Amino acid sequence: MSRRPAVHALVFQRAVLLLATCILLAPIAWLITTAYKPSVDIFSFPPTLAFLPTLANFRGALQHFDLRHLLESSLIISIGSAVLSLLLGVPAGYALARAKARWTIGLAYFFLAVRTVPPVATLIPFYLIMRDIGLLGTWWAVILLNTTLNTAFVVWMMFCYFRALPREMEEAALTDGCTLFGGFWRVALPLVRPGIIACALLCIMFAWNDFLYPAFLTRSETKPISVALITAFGTKDISWGTLGALAHFSTVPIVLLALFLNRYFVQALTRGIH
Amino acid sequence: MTARQGGARIKRRLMFALEIAIAVSAIVSGSVQAQVKSFEGLTLKLASQNDQFAAVLADLTPEFKQATGVTVKVDILSYPDLLTKMTADFVGHTKSYDLYTTDIVWAGQLAASGSTVVLNDLIKRDAAEIKVDDIYPVLMNALGNFKGKQVAFPFAGYANILAYRKDLYEQAGLQPPSTMEDLVAAAYRLTDPTKHIYGFVANGQKGPAVAQDWMQYNKQMGGDILDKDGKPALNSAANIKSLTVYKDLFQKAAPPGAVDYDWDGRETSFRQGIVANMQTWSIGAAGYSDPSQSKVVGKVGIIVAPPGKGLPKYYGVGGWGLAINKDIDQKQQEAAWLFIKWATSPSVHKELNEKGGGSYIRISETHDPDLLKKYPFLPVIDESLVNGDGDYRPRIPQYPQIQDILGDAVNAVLVGNVEPQKALDEAQAKAARLF
Amino acid sequence: MGKQIELSRESSGSLISTKPVMTFARYRRLFLVLLCAPAFVYVLAVAVWPLLQGVYFSLYEYNLMRPASRAFVGLQNYRDFWADEAARGAIITTSIFTFSAVTLELILGLGLALLLWRDSVFERALLALLLIPVTVTPVAVGLIFRALLAPDFGVLGYYFAEWGLSGPRGFLGNPATALWTLVAIDAWEWTPLVTLILLAGLKSLPTDILEAAEADGATLAQRFRLIILPMLLPTIFLAAVLRSMDAFKVFDIIFATTNGGPGDATNTMMLFAVKEGLQFFNIGRASTVANLMIVCIALFSVAFVILIRGADRKANER
């Protein structure tokens with residue numbers, strides 16, 4: 001869409017987007033502000049938005065949580081499983097999209113089916129397997145498991161994106177003397193870059209937020225921050241202030257990552273075949 | 001011999017005696033120290049529930065390291081996380097943690113699976129050191145004993161107490177309730193939805209939340225989950241009656257949102273000042289006088305939870321024990337026992353409570369003048385623990401399933417889906433299948 | 001992609017005619033298999049084995065805390081689940097939730113994606129901001145909305161109740177509205193994800209066709225209906241299937257808000273599975289529920305396949 005749209009269409013578009021952003025961010029803003037409130041002000045009767053800020057929750061969070069290790073674990077697990085999933089999944093998605101045999105669709109659905117499995121079913125068998133091979137408590141256990149789900153997801157996403165690409169591009173490159181791999185690497189891949197970025201971002205986010213597997217499979221030293229957030233549940237009350245404080249650390253890295261990757265999330269300029 | 005020579009000889013003798021004394025004491029203390037310091041360099045991992053005592057305990061562990069050389073790492077977990085991790089650790093024999101804080105209701109499960117070290121002999125051996133007689137008998141039993149096996153050692157004792165709004169009672173000219181019937185009547189009297197004041201609040205959320213709260217009120221009103229043979233008797237007449245009273249309270253005297261409340265919801269409603277009566281665990285009692293947590297500072301009275309008229313004075317007891325993972329090796333087990341003895345010793349445990357731990361296990365603590373000055377409601381806790389009942393939530397191996405069945409049934413009644421009689425009949429049928 | 005690629009029939013013909021067709025095709029197939037193999041082998045090893053174990057366990061009455069009492073019971077676990085009224089209700093509740101949530105997210109997501117299609121600083125910054133709800137752990141999302149919607153002291157819930165928009169028990173405390181509230185919460189959290197997927201699809205569309213259509217005078221609506229939508233179908237399908245699989249497994253937001261209540265209004269299958277598996281450690285029954293979930297999700301996906309595949313094939317052959 002490179003033509004200049006009418007001004008009122010632009011204003012309408014921007015207004016709606018801003019409204020959507022407000023709706024999507026307001027609850028987060030509330031959570032962030034709880035970090036600065038003493039617990040008596042987090043819920044107020046009658047509800048008000050005013051409060052006297054305090055840093056006590058941050059002090060408590062920093063004192064009782066090893067934030068450096070938590071963030072380190074989260075980053076390693078997320079980026080590790082994303083990288084591994086992309087390495088496995090993107091070529092597989094391409095292969096399935098370009099294969100001419102009918103049964104490859106079945107294989108694609110197989111990958112899809114993997115993602116249907118509820119984590120509870122595989123959790124305990126996986127826990128026991130990890131114990132037996134000695135990986136229990138390490139990041140690898142979580143990365144391996146996350147990669148399974150994410151690979152299936154990546155294969156499926158890339159399958160759909162590659163299928164939307166016209167085959168003519170690669171075939172033209174082949175006739176120009178390109179190898180099969182070159183056709184994949186230099187022609188098809190750059191065209192689905194937005195898709196790959198989206199996949200990467202999503203893999204990282206799924207892994208970052210997952211707490212069920214890491215809760216089981218990690219030790220206190222390798223615990224990611226998503227598990228730490230759950231400790232907010234107490235039997236007497238919920239430590240809202242701590243939750244808000246931890247949420248700062250849990251959300252900011254991902255936002256920065258999204259901002260960083262956004263640069264590559266651009267329209268693929270396809271010139272097509274003339 | 002001259003006087004001077006005699007004096008010098010006496011001095012020499014004294015010096016000699018002194019040297020002997022010093023040498024002997026050095027040897028003795030050295031061996032004690034050697035015994036204690038032989039654990040130097042070990043690390044113990046403790047998984048703790050995220051209750052008030054957890055942070056305080058974590059802050060106290062450096063003192064243990066100074067005394068014995070053992071590092072203790074405290075991992076603070078939420079309730080479901082702790083239970084799942086602990087069970088997974090035992091089932092998988094993964095030795096993830098050396099020590100666990102164990103809930104009062106887990107004793108039956110732990111005894112059945114044999115996953116924790118049985119402490120009976122150790123307690124007998126070190127009885128003098130632990131000052132066993134100073135610990136409330138109900139806690140020693142409830143927080144870790146099941147059919148004679150001591151699978152955990154009491155660490156944090158909670159009493160179920162009534163927190164009420166003195167100001168609202170005074171305004172209405174009411175006396176603090178001494179029986180359950182008084183409490184119910186006061187609840188209805190004090191409810192005024194137009195002023196957003198409600199006379200009563202309890203957990204209503206489906207699942208463990210409502211099950212636990214109802215079981216407490218049920219016992220006070222004369223009901224019981226099990227019959228005298230230890231088999232479920234969920235649909236007894238007394239239970240049905242108390243469930244009807246509970247339901248009425250929710251409909252007419254509790255904040256409308258209470259049907260979805262878990263512990264956080266009901267605490268918040270009380271602390272924000274919209275509720276007149278709330279039965280709760282004693283661990284939260286100090287918080288009501290804390291301006292950073294409560295809007296009703298100075299207006300809250302703490303008394304024992306009122307039993308039903310004519311019923312024996314039994315008060316609900318809850319809390320946490322410390323259990324040692326049986327899979328860890330012998331040396332770690334001994335170090336863990338050393339830690340338990342240290343953490344529950346009179347001086348350390350008092351310090352835990354002075355710093356806000358809110359967890360009482362010793363008779364000496366609830367009578368300690370320093371603690372009384374800080375927490376004037378300690379006599380209430382004392383009375384509750386002396387006449388405590390730790391089994392109103394049966395600590396049997398099937399407890400999780402029974403709690404779940406009741407959680408469904410009671411919530412369905414509160415929401416209006418089903419009548420108390422039918423709900424409890426169905427619950428009884430399900431519970432009977434477990435035995 | 002600045003290189004101009006010219007298709008020369010002669011050169012392609014001569015290229016193919018100098019090599020026997022069999023060899024090239026076989027070589028190509030080998031190449032594709034090699035690309036695909038690592039993922040396939042990995043997933044087979046890491047995911048399928050525990051899955052098969054799960055099926056195996058579902059045939060047993062097996063509590064991990066009492067391993068000695070393990071007993072083969074065949075299909076009894078499945079029969080017990082079906083006999084439980086609450087369990088049967090959970091299947092329906094979960095299905096309704098999934099269908100509503102996914103539909104809502106697709107519609108809202110497509111709208112947002114179209115609005116974000118322009119490539120300027122504004123849109124890119126906004127996209128990053130819009131993704132924030134997805135970055136928050138679902139449990140925390142549940143807690144946030146529970147706090148906001150509490151009818152007695154929540155910032156939103158109090159006023160909803162005061163002004164009569166919700167009943168006095170609030171949206172989450174009312175069995176009639178609880179499930180729909182959760183659908184809305186789910187949409188709040190996951191619409192940005194759908195937006196991202198659809199936006200990536202939009203950005204991969206060949207721009208020349210669109211520009212040609214615009215030059216030809218096609219209106220916005222026409223361009224959308226005749227070009228964009230058909231070409232976007234594979235991506236929509238992707239987003240729909242992906243979301244329905246995850247929505248069916250919903251657990252965190254329900255656990256954090258209503259725990260399946262009030263009554264049975266928000267009781268989902270995953271709640272059953274987690275309760276049996278991680279609270280009671282009844283791995284036999286937990287696997288049973290999990291297997292039933294897989295079957296249900298598969299049925300859902302098949303429905304989507306049939307629904308969209310026809311249109312998708314038409315679009316692909318263009």
# chains A, B, ... in the order shown; residues from 1 in each chain; ligands from 1
$ residues_around --residues "Leu242 in chain C" --least-positions-apart "6" --cutoff "12 Å" --atoms "only C-alpha atoms" --output "number ranges by chain"
A: 109, 111-116, 149-150, 152-157, 160, 202; C: 98, 102, 105-106, 190, 193-194, 197, 235-236, 248-249, 297-298, 300-301, 304
$ closest_atom_pairs --of "chain A" --to "chain B" --cutoff "8 Å" --atoms "only C-alpha atoms" --output "Markdown table"
| residue | atom | partner | partner_atom | distance |
| --- | --- | --- | --- | --- |
| A:Pro38 | CA | B:Ser292 | CA | 5.6 |
| A:Ser39 | CA | B:Gln293 | CA | 5.1 |
| A:Val40 | CA | B:Gln293 | CA | 4.2 |
| A:Asp41 | CA | B:Gln293 | CA | 7.9 |
| A:Phe43 | CA | B:Thr268 | CA | 7.3 |
| A:Ser44 | CA | B:Gln272 | CA | 6.6 |
| A:Phe45 | CA | B:Gln272 | CA | 6.1 |
| A:His64 | CA | B:Ala55 | CA | 7.1 |
| A:Leu128 | CA | B:Gly92 | CA | 6.6 |
| A:Arg131 | CA | B:Thr94 | CA | 7.2 |
| A:Ala215 | CA | B:Asp81 | CA | 7.4 |
| A:Phe216 | CA | B:Lys85 | CA | 6.5 |
| A:Arg219 | CA | B:Ser96 | CA | 7.2 |
| A:Ser220 | CA | B:Asp75 | CA | 6.8 |
| A:Ala228 | CA | B:Leu77 | CA | 7.9 |
| A:Ile230 | CA | B:Ser78 | CA | 6.4 |
| A:Thr231 | CA | B:Ser78 | CA | 4.4 |
| A:Ala232 | CA | B:Ser78 | CA | 6.8 |
| A:Phe233 | CA | B:Ser78 | CA | 5.3 |
| A:Gly234 | CA | B:Asn50 | CA | 5.3 |
| A:Thr235 | CA | B:Trp263 | CA | 6.5 |
| A:Lys236 | CA | B:Trp263 | CA | 5.4 |
| A:Asp237 | CA | B:Asp264 | CA | 3.8 |
| A:Ile238 | CA | B:Asp264 | CA | 5.6 |
$ closest_residue --among "A:Phe58, A:Tyr213, A:Trp139, A:Phe159" --to "Leu278 in chain C" --atoms "only C-alpha atoms"
A:Tyr213
$ residues_around --residues "Thr251 in chain A" --least-positions-apart "4" --cutoff "10 Å" --atoms "only C-alpha atoms" --output "mmCIF file with N, CA and C atoms, in the first residue's frame"
data_model
loop_
_atom_site.group_PDB
_atom_site.id
_atom_site.type_symbol
_atom_site.label_atom_id
_atom_site.label_comp_id
_atom_site.auth_asym_id
_atom_site.auth_seq_id
_atom_site.Cartn_x
_atom_site.Cartn_y
_atom_site.Cartn_z
ATOM 1 N N ILE A 28 -2.084 -4.008 32.052
ATOM 2 C CA ILE A 28 -0.661 -4.137 32.346
ATOM 3 C C ILE A 28 -0.210 -2.948 33.186
ATOM 4 N N ILE A 32 1.669 -2.968 36.720
ATOM 5 C CA ILE A 32 2.941 -2.287 36.954
ATOM 6 C C ILE A 32 2.809 -1.342 38.144
ATOM 7 N N TRP A 208 9.229 -18.129 27.194
ATOM 8 C CA TRP A 208 9.417 -17.186 28.297
ATOM 9 C C TRP A 208 8.279 -17.301 29.310
ATOM 10 N N ASN A 209 7.066 -17.500 28.789
ATOM 11 C CA ASN A 209 5.903 -17.500 29.672
ATOM 12 C C ASN A 209 5.576 -18.842 30.275
ATOM 13 N N LEU A 246 7.967 -8.117 40.141
ATOM 14 C CA LEU A 246 8.563 -9.144 39.281
ATOM 15 C C LEU A 246 8.101 -8.985 37.839
ATOM 16 N N ALA A 247 6.866 -8.513 37.682
ATOM 17 C CA ALA A 247 6.345 -8.361 36.325
ATOM 18 C C ALA A 247 7.173 -7.365 35.525
ATOM 19 N N VAL A 255 9.714 -7.005 25.659
ATOM 20 C CA VAL A 255 9.338 -5.816 24.902
ATOM 21 C C VAL A 255 10.527 -5.294 24.115
ATOM 22 N N LEU A 256 11.683 -5.258 24.782
ATOM 23 C CA LEU A 256 12.883 -4.792 24.089
ATOM 24 C C LEU A 256 13.197 -5.683 22.896
ATOM 25 N N ILE C 132 2.627 -6.722 24.076
ATOM 26 C CA ILE C 132 2.914 -6.854 25.502
ATOM 27 C C ILE C 132 1.965 -7.822 26.221
ATOM 28 N N PRO C 133 0.661 -7.791 25.945
ATOM 29 C CA PRO C 133 -0.191 -8.760 26.659
ATOM 30 C C PRO C 133 0.242 -10.198 26.463
ATOM 31 N N VAL C 134 0.801 -10.517 25.304
ATOM 32 C CA VAL C 134 1.214 -11.895 25.066
ATOM 33 C C VAL C 134 2.439 -12.236 25.906
ATOM 34 N N THR C 135 3.208 -11.221 26.278
ATOM 35 C CA THR C 135 4.425 -11.505 27.020
ATOM 36 C C THR C 135 4.164 -11.743 28.503
ATOM 37 N N VAL C 136 2.969 -11.401 28.955
ATOM 38 C CA VAL C 136 2.692 -11.597 30.378
ATOM 39 C C VAL C 136 2.229 -13.027 30.592
ATOM 40 N N THR C 137 2.756 -13.678 31.583
ATOM 41 C CA THR C 137 2.375 -15.060 31.866
ATOM 42 C C THR C 137 0.864 -15.154 32.044
#
$ interface_residues --of "chain A" --to "chain C" --cutoff "6 Å" --atoms "only C-alpha atoms" --output "list in words"
Thr21, Phe45, Pro47, Leu88, Pro91, Ala92, Ala95, Thr116, Val117, Pro118, Ala121, Thr122, Pro125, Thr148, Cys160, Ala172, Thr175, Pro194, Gly195, Met205, Asn209, Ala258, Leu259, Gln267, Ala268 and Thr270 of chain A
$ write_last_selection --atoms "C-alpha atoms" --output "CSV table (one decimal), in the first residue's frame"
chain,number,residue,atom,x,y,z
A,21,THR,CA,-3.5,-0.1,22.4
A,45,PHE,CA,-12.6,0.7,48.8
A,47,PRO,CA,-11.6,2.0,44.2
A,88,LEU,CA,14.8,-27.7,12.8
A,91,PRO,CA,13.8,-26.3,6.6
A,92,ALA,CA,11.1,-28.8,7.4
A,95,ALA,CA,10.3,-29.2,2.5
A,116,THR,CA,-2.4,-30.8,20.6
A,117,VAL,CA,-0.9,-32.8,23.5
A,118,PRO,CA,-1.7,-31.3,26.8
A,121,ALA,CA,0.2,-35.9,29.9
A,122,THR,CA,3.8,-35.8,28.9
A,125,PRO,CA,6.9,-39.4,31.8
A,148,THR,CA,9.4,-30.1,20.6
A,160,CYS,CA,1.8,-22.1,5.5
A,172,ALA,CA,13.6,-19.3,-12.1
A,175,THR,CA,17.3,-22.3,-14.3
A,194,PRO,CA,8.5,-11.6,8.3
A,195,GLY,CA,7.2,-15.1,8.9
A,205,MET,CA,7.5,-15.7,24.1
A,209,ASN,CA,5.9,-17.5,29.7
A,258,ALA,CA,10.1,-7.3,20.1
A,259,LEU,CA,11.2,-3.7,19.4
A,267,GLN,CA,7.2,-5.9,3.9
A,268,ALA,CA,8.9,-8.3,1.5
A,270,THR,CA,8.3,-9.0,-4.3
$ residues_around --residues "Phe72 in chain C" --least-positions-apart "5" --cutoff "7 Å" --atoms "only C-alpha atoms" --output "MDAnalysis selection string"
chainID C and resid 59:61
$ write_last_selection --atoms "N, CA and C atoms" --output "CSV table (one decimal), in the first residue's frame"
chain,number,residue,atom,x,y,z
C,59,LEU,N,-4.7,-46.8,30.6
C,59,LEU,CA,-5.4,-48.1,30.8
C,59,LEU,C,-5.2,-48.7,32.2
C,60,TYR,N,-4.5,-47.9,33.0
C,60,TYR,CA,-4.2,-48.4,34.4
C,60,TYR,C,-4.9,-47.5,35.4
C,61,GLU,N,-5.2,-48.1,36.6
C,61,GLU,CA,-5.5,-47.3,37.8
C,61,GLU,C,-4.1,-47.1,38.5
$ interface_residues --of "chain B" --to "chain C" --cutoff "7 Å" --atoms "only C-alpha atoms" --output "ChimeraX atom specification"
/B:84,91,113,205-207,255-257,259-260,400,411-412,415,417
$ write_last_selection --atoms "C-alpha atoms" --output "short mmCIF file (atom, residue, chain, number, x, y, z; two decimals), in the first residue's frame"
data_model
loop_
_atom_site.label_atom_id
_atom_site.label_comp_id
_atom_site.auth_asym_id
_atom_site.auth_seq_id
_atom_site.Cartn_x
_atom_site.Cartn_y
_atom_site.Cartn_z
CA THR B 84 3.57 -30.84 43.28
CA VAL B 91 7.99 -40.15 43.54
CA SER B 113 4.13 -43.08 51.20
CA GLN B 205 -14.36 -20.12 45.58
CA LYS B 206 -14.75 -23.59 44.20
CA GLY B 207 -12.05 -25.96 45.29
CA PRO B 255 -20.03 -9.29 50.23
CA PRO B 256 -21.55 -10.30 46.89
CA GLY B 257 -18.20 -11.22 45.45
CA VAL B 259 -18.77 -16.57 46.20
CA ASP B 260 -15.54 -16.24 44.24
CA PRO B 400 -6.96 -34.20 48.77
CA ASN B 411 -19.55 -24.01 45.94
CA ALA B 412 -22.46 -25.46 43.97
CA VAL B 415 -24.07 -20.47 43.79
CA ASN B 417 -27.22 -24.73 41.72
#
